[in-house]
Every structure is written in structure tokens, then in C-alpha cells.
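Structure record follows, encoded as C-alpha cells.
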Amino acid sequence: MNLNQVTLPAVDVAESVAFYVRMGFELVVEAPHYARFKCPQGGASFSVHRVRVAPSSSEVVVYFEDEALDQTVKELQARGIQFTQEPRDEPWLWREARTQDPSGNVICLYWAGVNRLHPPWRVSR
């Protein structure tokens with residue numbers, strides 16, 4: 001199996017479209033109730049769909065990998081994206097920065113390098 005996409009709730013689809021386009025994602029489908037985006041690198045996509053009310057925090061975090069994390073965060077901040085967490089090294093050996101989309105969905109930009117799939121504590125088979 002391969003993950004196809006993740007769909008996030010959006011109270012205002014147009015506002016979410018503007019946010020994700022400003023983040024650098026390519027808009028590939030747009031309707032009043034739904035929008036889909038392609039990631040700038042690779043073939044992954046994700047979407048937003050209209051909801052009447054933003055769900056209370058589900059504690060779901062959507063991760064987007066970026067080797068140039070610190071530079072990307074600076075560029076996004078210059079475009080008006082505000083981060084709730086500046087890039088920092090985490091104990092699990094990933095460097096992460098966090099923001100939220102207009103509906104409150106938590107977005108993590110990160111770089112993990114080899115530790116993404118091969119951390120020192122990886123289960124051996």
C-alpha cells in the first residue's frame with residue numbers, strides 16, 4: 001500500500017486555498033466545498049473539504065518534509081505565515097517547525113534525514 005492523500009477539514013475553503021498556495025503547494029482541484037493540492041516535491045497530495053464548524057483539536061499533525069527547513073520557514077514568514085514553533089531540534093532527532101492553517105489544523109514542517117526511517121532505536125527485523 002501507499003498513502004494517497006490526507007483530507008483536512010476547512011471552515012472556509014477559499015481561505016484555506018489561499019493559505020496553502022502561499023505555503024507553496026500547487027492547487028490541482030478547486031470547488032466551493034473541496035480543494036486538492038500537490039506537494040512541490042514528489043507525488044504526494046492532500047486536500048481540504050468544507051465543514052460547518054472546525055472540529056475540536058484531534059491532535060492530528062500533518063507533516064511535510066523539507067531538507068531546507070530553516071530557509072523555507074524564513075521564506076514562509078516573509079509571505080505572512082506565522083509559526084507557533086520556530087525550527088528546533090527535537091529529542092527524536094528531527095528538526096521541526098509548526099504552524100496552523102486557517103481552520104486550526106496543525107502543520108509540521110520538518111527535516112529528519114536518515115532518522116526519518118532509520119533512527120538509532122529502529123526496530124530490527
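Here, A, B, ... name the chains of the C-alpha cells in the order displayed, residue numbers run from 1 inside each chain, and ligands are numbered from 1 in the same displayed order.
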
I'd like the contact shell of range 9-24 of chain A - 10 Å cut-off, only C-alpha atoms, skipping same-chain residues fewer than 6 positions apart - returned as a PyMOL selection string. chain A and resi 30-40+47-55+72-73+75-77+79-81+100-105

Atom-to-atom span, CA of Tyr110 in chain A and CA of Ala97 in chain A, Å: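 Taking CA of Tyr110 in chain A and CA of Ala97 in chain A, their separation equals 6.3 Å.
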
Residues flagged strand (DSSP E) by DSSP in range 33-97 of chain A, as a PDB file with N, CA and C atoms, in the first residue's frame:
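Wrote it out as out_2.pdb, contents follow:
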```
ATOM      1  N   TYR A  34     -14.406  21.927  -1.735  1.00  0.00           N
ATOM      2  CA  TYR A  34     -13.268  20.998  -1.748  1.00  0.00           C
ATOM      3  C   TYR A  34     -12.118  21.589  -2.559  1.00  0.00           C
ATOM      4  N   ALA A  35     -10.887  21.294  -2.129  1.00  0.00           N
ATOM      5  CA  ALA A  35      -9.701  21.656  -2.907  1.00  0.00           C
ATOM      6  C   ALA A  35      -8.627  20.609  -2.658  1.00  0.00           C
ATOM      7  N   ARG A  36      -7.859  20.327  -3.706  1.00  0.00           N
ATOM      8  CA  ARG A  36      -6.751  19.369  -3.575  1.00  0.00           C
ATOM      9  C   ARG A  36      -5.471  20.044  -4.029  1.00  0.00           C
ATOM     10  N   PHE A  37      -4.375  19.678  -3.360  1.00  0.00           N
ATOM     11  CA  PHE A  37      -3.072  20.269  -3.611  1.00  0.00           C
ATOM     12  C   PHE A  37      -2.036  19.189  -3.858  1.00  0.00           C
ATOM     13  N   LYS A  38      -1.047  19.509  -4.684  1.00  0.00           N
ATOM     14  CA  LYS A  38       0.101  18.645  -4.909  1.00  0.00           C
ATOM     15  C   LYS A  38       1.287  19.258  -4.191  1.00  0.00           C
ATOM     16  N   SER A  45      -0.199  14.234  -2.438  1.00  0.00           N
ATOM     17  CA  SER A  45      -1.222  15.275  -2.484  1.00  0.00           C
ATOM     18  C   SER A  45      -1.997  15.257  -1.166  1.00  0.00           C
ATOM     19  N   PHE A  46      -2.732  16.326  -0.938  1.00  0.00           N
ATOM     20  CA  PHE A  46      -3.632  16.390   0.209  1.00  0.00           C
ATOM     21  C   PHE A  46      -4.773  17.313  -0.180  1.00  0.00           C
ATOM     22  N   SER A  47      -5.829  17.290   0.604  1.00  0.00           N
ATOM     23  CA  SER A  47      -6.989  18.102   0.254  1.00  0.00           C
ATOM     24  C   SER A  47      -7.618  18.697   1.507  1.00  0.00           C
ATOM     25  N   VAL A  48      -8.525  19.635   1.262  1.00  0.00           N
ATOM     26  CA  VAL A  48      -9.360  20.201   2.314  1.00  0.00           C
ATOM     27  C   VAL A  48     -10.811  20.061   1.863  1.00  0.00           C
ATOM     28  N   HIS A  49     -11.708  19.870   2.796  1.00  0.00           N
ATOM     29  CA  HIS A  49     -13.135  19.820   2.472  1.00  0.00           C
ATOM     30  C   HIS A  49     -13.882  20.686   3.470  1.00  0.00           C
ATOM     31  N   ARG A  50     -14.942  21.287   2.997  1.00  0.00           N
ATOM     32  CA  ARG A  50     -15.700  22.226   3.821  1.00  0.00           C
ATOM     33  C   ARG A  50     -16.442  21.509   4.941  1.00  0.00           C
ATOM     34  N   VAL A  61      -1.482  15.783  13.508  1.00  0.00           N
ATOM     35  CA  VAL A  61      -0.477  16.690  12.969  1.00  0.00           C
ATOM     36  C   VAL A  61      -0.113  16.193  11.582  1.00  0.00           C
ATOM     37  N   VAL A  62      -0.124  17.086  10.595  1.00  0.00           N
ATOM     38  CA  VAL A  62       0.259  16.736   9.231  1.00  0.00           C
ATOM     39  C   VAL A  62       1.697  17.195   9.031  1.00  0.00           C
ATOM     40  N   TYR A  63       2.551  16.272   8.597  1.00  0.00           N
ATOM     41  CA  TYR A  63       3.979  16.539   8.445  1.00  0.00           C
ATOM     42  C   TYR A  63       4.350  16.689   6.973  1.00  0.00           C
ATOM     43  N   PHE A  64       5.105  17.756   6.691  1.00  0.00           N
ATOM     44  CA  PHE A  64       5.661  17.972   5.361  1.00  0.00           C
ATOM     45  C   PHE A  64       7.171  18.064   5.510  1.00  0.00           C
ATOM     46  N   GLU A  65       7.880  17.216   4.781  1.00  0.00           N
ATOM     47  CA  GLU A  65       9.332  17.130   4.881  1.00  0.00           C
ATOM     48  C   GLU A  65       9.996  18.155   3.968  1.00  0.00           C
ATOM     49  N   PHE A  83       4.383  31.057  12.585  1.00  0.00           N
ATOM     50  CA  PHE A  83       4.690  29.748  13.148  1.00  0.00           C
ATOM     51  C   PHE A  83       4.480  29.770  14.657  1.00  0.00           C
ATOM     52  N   THR A  84       3.888  28.692  15.163  1.00  0.00           N
ATOM     53  CA  THR A  84       3.697  28.543  16.605  1.00  0.00           C
ATOM     54  C   THR A  84       4.944  27.956  17.244  1.00  0.00           C
ATOM     55  N   GLN A  85       5.805  27.362  16.414  1.00  0.00           N
ATOM     56  CA  GLN A  85       7.098  26.832  16.878  1.00  0.00           C
ATOM     57  C   GLN A  85       8.124  27.093  15.793  1.00  0.00           C
ATOM     58  N   GLU A  86       9.168  27.812  16.145  1.00  0.00           N
ATOM     59  CA  GLU A  86      10.289  28.046  15.238  1.00  0.00           C
ATOM     60  C   GLU A  86      11.032  26.725  15.051  1.00  0.00           C
ATOM     61  N   PRO A  87      11.846  26.598  13.997  1.00  0.00           N
ATOM     62  CA  PRO A  87      12.609  25.354  13.821  1.00  0.00           C
ATOM     63  C   PRO A  87      13.466  25.044  15.048  1.00  0.00           C
ATOM     64  N   ARG A  88      13.368  23.816  15.503  1.00  0.00           N
ATOM     65  CA  ARG A  88      14.195  23.389  16.634  1.00  0.00           C
ATOM     66  C   ARG A  88      14.465  21.896  16.528  1.00  0.00           C
ATOM     67  N   ASP A  89      15.565  21.484  17.120  1.00  0.00           N
ATOM     68  CA  ASP A  89      15.935  20.075  17.154  1.00  0.00           C
ATOM     69  C   ASP A  89      15.157  19.388  18.262  1.00  0.00           C
ATOM     70  N   ARG A  95      14.276  17.836  13.108  1.00  0.00           N
ATOM     71  CA  ARG A  95      14.207  19.292  13.275  1.00  0.00           C
ATOM     72  C   ARG A  95      12.815  19.694  12.804  1.00  0.00           C
ATOM     73  N   GLU A  96      12.048  20.408  13.660  1.00  0.00           N
ATOM     74  CA  GLU A  96      10.644  20.695  13.356  1.00  0.00           C
ATOM     75  C   GLU A  96      10.284  22.156  13.591  1.00  0.00           C
ATOM     76  N   ALA A  97       9.344  22.628  12.768  1.00  0.00           N
ATOM     77  CA  ALA A  97       8.683  23.924  12.957  1.00  0.00           C
ATOM     78  C   ALA A  97       7.191  23.664  12.789  1.00  0.00           C
TER      79      ALA A  97
END
```

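In this model, the gap between CA of Gly42 in chain A and CA of His118 in chain A comes to 20.2 Å.
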
Quick one: residues within 12 Å of Trp121 in chain A, only C-alpha atoms, excluding same-chain residues fewer than 6 positions away - as an MDAnalysis selection string? chainID A and resid 92:93 115

Restricting the output to C-alpha atoms, write the selected residues as a compact mmCIF listing (two decimals), in the first residue's frame.
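Below is the file part_12.txt, written as the result:
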```txt
# COMPACT_ATOMS: atom_id res chain seq x y z
CA TRP A 92 13.65 12.13 18.41
CA LEU A 93 16.34 13.57 16.08
CA ASN A 115 16.49 9.42 11.07
```

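Note that the spacing between CA of Asp66 in chain A and CA of Cys108 in chain A amounts to 10.2 Å.
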
Residue with smallest distance to Ser58 in chain A - pool A:Arg122, A:Arg116, A:Val106, A:Gln71, counting only C-alpha atoms: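 Between A:Arg122, A:Arg116, A:Val106, A:Gln71, the residue approaching Ser58 in chain A most closely is A:Val106.
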
Assign secondary structure with DSSP using the backbone only, and return the residues of chain A in helix (DSSP H, G or I) as a PyMOL selection string. chain A and resi 13-23+69-78+113-116

Can you work out which one of A:Leu69, A:Ala112, A:Leu3, A:Ile107 has the shortest atom-to-atom distance to Pro91 in chain A, counting only C-alpha atoms?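 Using only C-alpha atoms, Pro91 in chain A sits closest to A:Ala112.
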